[in-house]
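The file protein.txt contains compact mmCIF, C-alpha atoms:
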```txt
# COMPACT_ATOMS: atom_id res chain seq x y z
CA MET A 24 35.01 -69.10 26.53
CA THR A 25 31.61 -67.64 27.41
CA THR A 26 28.31 -69.02 26.18
CA ARG A 27 26.50 -66.86 23.64
CA ILE A 28 22.78 -66.32 24.03
CA SER A 29 19.95 -65.32 21.76
CA LEU A 30 16.56 -64.04 22.86
CA THR A 31 13.16 -65.12 21.58
CA LEU A 32 10.06 -62.98 21.99
CA ASP A 33 6.60 -64.47 21.44
CA CYS A 34 4.00 -62.19 19.85
CA LYS A 35 0.93 -61.92 17.67
CA ASP A 36 2.48 -59.65 14.97
CA ALA A 37 6.12 -60.45 14.23
CA LYS A 38 6.57 -57.78 11.56
CA LEU A 39 5.20 -55.01 13.82
CA LEU A 40 7.44 -56.01 16.74
CA GLY A 41 10.39 -56.54 14.40
CA ARG A 42 10.15 -52.92 13.23
CA PHE A 43 9.76 -51.68 16.82
CA TRP A 44 12.75 -53.61 18.20
CA LYS A 45 14.97 -52.58 15.28
CA THR A 46 14.23 -48.97 16.28
CA ALA A 47 14.75 -49.70 19.98
CA LEU A 48 18.03 -51.59 19.63
CA GLY A 49 19.54 -50.33 16.38
CA TYR A 50 19.38 -53.91 15.10
CA VAL A 51 18.97 -55.02 11.48
CA ASP A 52 17.29 -57.96 9.80
CA GLU A 53 19.55 -60.97 10.24
CA PRO A 54 20.70 -62.37 6.89
CA PRO A 55 19.73 -65.96 6.07
CA PRO A 56 22.23 -68.68 6.89
CA ALA A 57 24.54 -69.77 4.05
CA PRO A 58 24.03 -71.01 1.39
CA PHE A 59 20.52 -69.48 1.26
CA LYS A 60 20.01 -66.12 -0.46
CA THR A 61 16.71 -65.24 1.28
CA ARG A 62 14.86 -66.13 4.48
CA GLU A 63 11.99 -67.40 2.31
CA GLU A 64 14.35 -69.84 0.57
CA TRP A 65 15.77 -70.98 3.93
CA HIS A 66 12.27 -71.33 5.45
CA ALA A 67 11.07 -73.38 2.46
CA SER A 68 13.92 -75.88 3.05
CA PHE A 69 12.09 -77.21 6.13
CA ASN A 70 9.13 -79.55 5.96
CA LEU A 71 6.77 -77.19 7.80
CA PRO A 72 2.96 -77.09 7.83
CA ALA A 73 1.39 -74.97 5.07
CA ASP A 74 0.17 -72.37 7.58
CA ASP A 75 3.70 -71.82 8.97
CA SER A 76 4.71 -68.62 7.20
CA VAL A 77 8.04 -66.83 7.06
CA ASP A 78 5.97 -63.70 7.78
CA ASP A 79 5.28 -65.10 11.26
CA VAL A 80 8.89 -64.55 12.36
CA ALA A 81 11.36 -61.66 12.46
CA TRP A 82 15.06 -62.41 12.88
CA LEU A 83 17.12 -59.47 14.11
CA CYS A 84 20.80 -59.04 14.91
CA ASP A 85 23.24 -56.44 16.14
CA PRO A 86 25.02 -55.08 13.03
CA ASP A 87 28.26 -54.98 15.08
CA GLY A 88 27.87 -58.62 16.14
CA ILE A 89 28.08 -57.80 19.86
CA GLY A 90 24.52 -58.02 21.17
CA PRO A 91 22.42 -61.19 21.27
CA ARG A 92 20.33 -62.24 18.31
CA LEU A 93 16.59 -61.56 18.70
CA SER A 94 13.96 -63.86 17.19
CA ILE A 95 10.36 -62.67 17.26
CA LEU A 96 7.86 -65.49 16.80
CA LYS A 97 4.11 -65.38 16.20
CA VAL A 98 2.23 -67.59 18.67
CA PRO A 99 -1.53 -68.25 18.93
CA GLU A 100 -1.97 -67.43 22.61
CA PRO A 101 -2.07 -63.82 23.93
CA LYS A 102 0.29 -62.33 26.49
CA THR A 103 -1.38 -62.83 29.86
CA ALA A 104 1.07 -61.73 32.57
CA LYS A 105 4.08 -59.57 33.37
CA ASN A 106 7.31 -60.67 31.74
CA ARG A 107 9.61 -62.69 33.97
CA LEU A 108 12.57 -61.54 31.87
CA HIS A 109 12.78 -58.15 30.19
CA ILE A 110 15.16 -56.20 28.00
CA ASP A 111 16.99 -53.10 29.21
CA VAL A 112 17.62 -50.65 26.38
CA ARG A 113 20.77 -48.74 27.36
CA VAL A 114 21.72 -45.25 26.19
CA PRO A 115 25.30 -43.94 26.58
CA GLY A 116 26.16 -43.49 30.27
CA HIS A 117 28.76 -40.72 30.09
CA GLY A 118 28.21 -37.13 31.21
CA THR A 119 26.34 -35.58 34.07
CA PRO A 120 23.23 -37.16 35.61
CA GLU A 121 21.14 -34.52 33.82
CA GLU A 122 22.73 -35.38 30.46
CA ARG A 123 22.13 -39.10 31.00
CA TRP A 124 18.51 -38.47 32.00
CA ALA A 125 18.01 -36.32 28.88
CA ARG A 126 19.29 -39.21 26.72
CA ILE A 127 16.99 -41.68 28.52
CA ARG A 128 13.98 -39.42 27.98
CA ALA A 129 14.89 -38.81 24.32
CA LYS A 130 15.13 -42.56 23.65
CA ALA A 131 11.82 -43.17 25.43
CA GLU A 132 10.16 -40.44 23.34
CA LEU A 133 11.52 -42.03 20.15
CA LEU A 134 10.12 -45.39 21.22
CA VAL A 135 6.70 -43.90 22.02
CA LYS A 136 6.65 -42.52 18.46
CA ALA A 137 7.52 -46.04 17.24
CA GLY A 138 4.49 -47.50 19.05
CA GLY A 139 5.76 -48.11 22.59
CA ILE A 140 4.13 -46.93 25.80
CA ALA A 141 5.87 -45.14 28.68
CA VAL A 142 4.53 -46.93 31.78
CA GLU A 143 6.39 -45.29 34.65
CA GLU A 144 9.33 -42.92 35.14
CA PHE A 145 11.84 -43.46 37.91
CA ASP A 146 13.14 -39.89 37.83
CA GLY A 147 16.78 -39.65 36.90
CA HIS A 148 17.28 -43.41 36.72
CA HIS A 149 15.11 -45.28 34.19
CA ILE A 150 11.78 -45.38 32.38
CA MET A 151 9.69 -48.54 32.38
CA MET A 152 8.01 -49.02 29.01
CA ALA A 153 6.01 -51.55 27.00
CA ASP A 154 6.38 -52.44 23.33
CA PRO A 155 3.31 -52.37 21.02
CA GLU A 156 2.16 -55.77 22.35
CA GLY A 157 2.68 -54.96 26.03
CA ASN A 158 6.08 -56.62 26.61
CA GLU A 159 7.79 -54.67 29.38
CA PHE A 160 11.30 -53.23 29.04
CA CYS A 161 13.29 -50.38 30.57
CA VAL A 162 15.26 -47.50 29.10
CA ALA A 163 18.28 -46.63 31.23
CA ALA A 164 21.87 -45.43 30.94
CA ALA A 165 24.72 -47.85 30.35
CA ARG A 166 27.18 -48.38 33.14
CA LEU A 167 30.52 -46.75 32.65
CA ALA A 168 33.56 -49.01 32.38
CA GLY A 169 35.84 -49.07 35.33
```
Once more with this new file: its structure as structure tokens, please.
Amino acid sequence: MTTRISLTLDCKDAKLLGRFWKTALGYVDEPPPAPFKTREEWHASFNLPADDSVDDVAWLCDPDGIGPRLSILKVPEPKTAKNRLHIDVRVPGHGTPEERWARIRAKAELLVKAGGIAVEEFDGHHIMMADPEGNEFCVAAARLAG
């Protein structure tokens, strides 16, 4: 049995990055754990400081249940250096190299419209990008099975 992972991304605006990463990954808001009906109800069940708001976190998940859960947490300190771990956003890897590159570029263009920044293109292979808060990630084609 493999170990499942989830990812946590620190930020200054959890709602902004939540919207961006839902666009990037095709994720959805993760439902609250049972028996809670809302995240607000779940959040209120903890004895947290008054300034700890449910609006300071976004919980995302893969609607197919395959990819790791992504938690986006507001923190007081700014991002100060390059990520030591980054996300690779993978587009379908089938077809010719030109078709794959077209899909990579199309995804990158969509993410620029969603607030991301294209940092550098590695022609035909991947595009290094940054989300609206400067967290680096790459857009590339998925590996084919085999």
Practice task
May I have the residues at most 7 Å from (9.9, -57.4, 29.3) in the file's coordinates, counting all atoms listed in the file, as a count of residues only?
Solution key: 7
Hey, could you make a per-residue contact list for stretch 55-162 of chain A against stretch 24-48 of chain A with 10 Å as the cut-off, showing the nearest pair of atoms and its distance in Å to one decimal, counting only C-alpha atoms, sorted by chain and number, as CSV?
```
residue,atom,partner,partner_atom,distance
A:Val77,CA,A:Ala37,CA,9.8
A:Asp78,CA,A:Lys38,CA,7.0
A:Asp79,CA,A:Ala37,CA,5.6
A:Val80,CA,A:Ala37,CA,5.3
A:Ala81,CA,A:Gly41,CA,5.6
A:Trp82,CA,A:Gly41,CA,7.7
A:Leu83,CA,A:Lys45,CA,7.3
A:Cys84,CA,A:Lys45,CA,8.7
A:Asp85,CA,A:Leu48,CA,7.9
A:Ile89,CA,A:Arg27,CA,9.9
A:Gly90,CA,A:Ser29,CA,8.6
A:Pro91,CA,A:Ser29,CA,4.8
A:Arg92,CA,A:Ser29,CA,4.6
A:Leu93,CA,A:Leu30,CA,4.8
A:Ser94,CA,A:Thr31,CA,4.6
A:Ile95,CA,A:Leu32,CA,4.7
A:Leu96,CA,A:Asp33,CA,4.9
A:Lys97,CA,A:Cys34,CA,4.8
A:Val98,CA,A:Cys34,CA,5.8
A:Pro99,CA,A:Lys35,CA,6.9
A:Glu100,CA,A:Lys35,CA,7.9
A:Pro101,CA,A:Lys35,CA,7.2
A:Lys102,CA,A:Cys34,CA,7.6
A:His109,CA,A:Leu32,CA,9.9
A:Ile110,CA,A:Leu30,CA,9.5
A:Asp111,CA,A:Leu48,CA,9.8
A:Val112,CA,A:Leu48,CA,6.8
A:Arg113,CA,A:Leu48,CA,8.7
A:Val114,CA,A:Leu48,CA,9.8
A:Lys130,CA,A:Ala47,CA,8.0
A:Ala131,CA,A:Ala47,CA,9.0
A:Leu133,CA,A:Ala47,CA,8.3
A:Leu134,CA,A:Ala47,CA,6.4
A:Val135,CA,A:Phe43,CA,9.8
A:Lys136,CA,A:Phe43,CA,9.8
A:Ala137,CA,A:Phe43,CA,6.1
A:Gly138,CA,A:Phe43,CA,7.1
A:Gly139,CA,A:Phe43,CA,7.9
A:Asp154,CA,A:Phe43,CA,7.4
A:Pro155,CA,A:Leu40,CA,7.0
A:Glu156,CA,A:Cys34,CA,7.1
A:Gly157,CA,A:Cys34,CA,9.6
A:Asn158,CA,A:Leu32,CA,8.8
A:Val162,CA,A:Ala47,CA,9.4
```
Handout entry: Nearest-residue call for A:Asp87, choices A:Ala164, A:Ala104, A:Val51, A:Met151, using all atoms listed in the file
Key = A:Val51
Problem - Atomic separation - atom CA of A:Ile140 relative to atom CA of A:Thr103, Å - result: 17.3 Å
What are the closest atom pairs, with distances in Å to one decimal, for each residue of stretch 71-125 of chain A lying within 9 Å of stretch 143-148 of chain A, using all atoms listed in the file, rows by chain and rising residue number, as CSV?
```
residue,atom,partner,partner_atom,distance
A:Pro120,CA,A:Gly147,CA,7.0
A:Glu121,CA,A:Gly147,CA,7.4
A:Arg123,CA,A:Gly147,CA,8.0
A:Trp124,CA,A:Gly147,CA,5.3
A:Ala125,CA,A:Gly147,CA,8.8
```
Handout entry: Coordinates-based distance that separates atom CA of A:Pro54 from atom CA of A:Ala165 (Å, one decimal)
Key = 27.9 Å
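For the pair atom CA of A:Val142 and atom CA of A:Pro115, the interatomic distance is 21.6 Å.
Considering the residues A:Gly88, A:Asp75, A:Asn70, A:His117 and counting only C-alpha atoms, A:Glu53 has its shortest atom-to-atom contact with A:Gly88.
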Handout entry: Residue nearest A:Asp52 among A:Pro86, A:Ala129, A:Lys105, A:Pro72 (counting all atoms listed in the file)
Key = A:Pro86
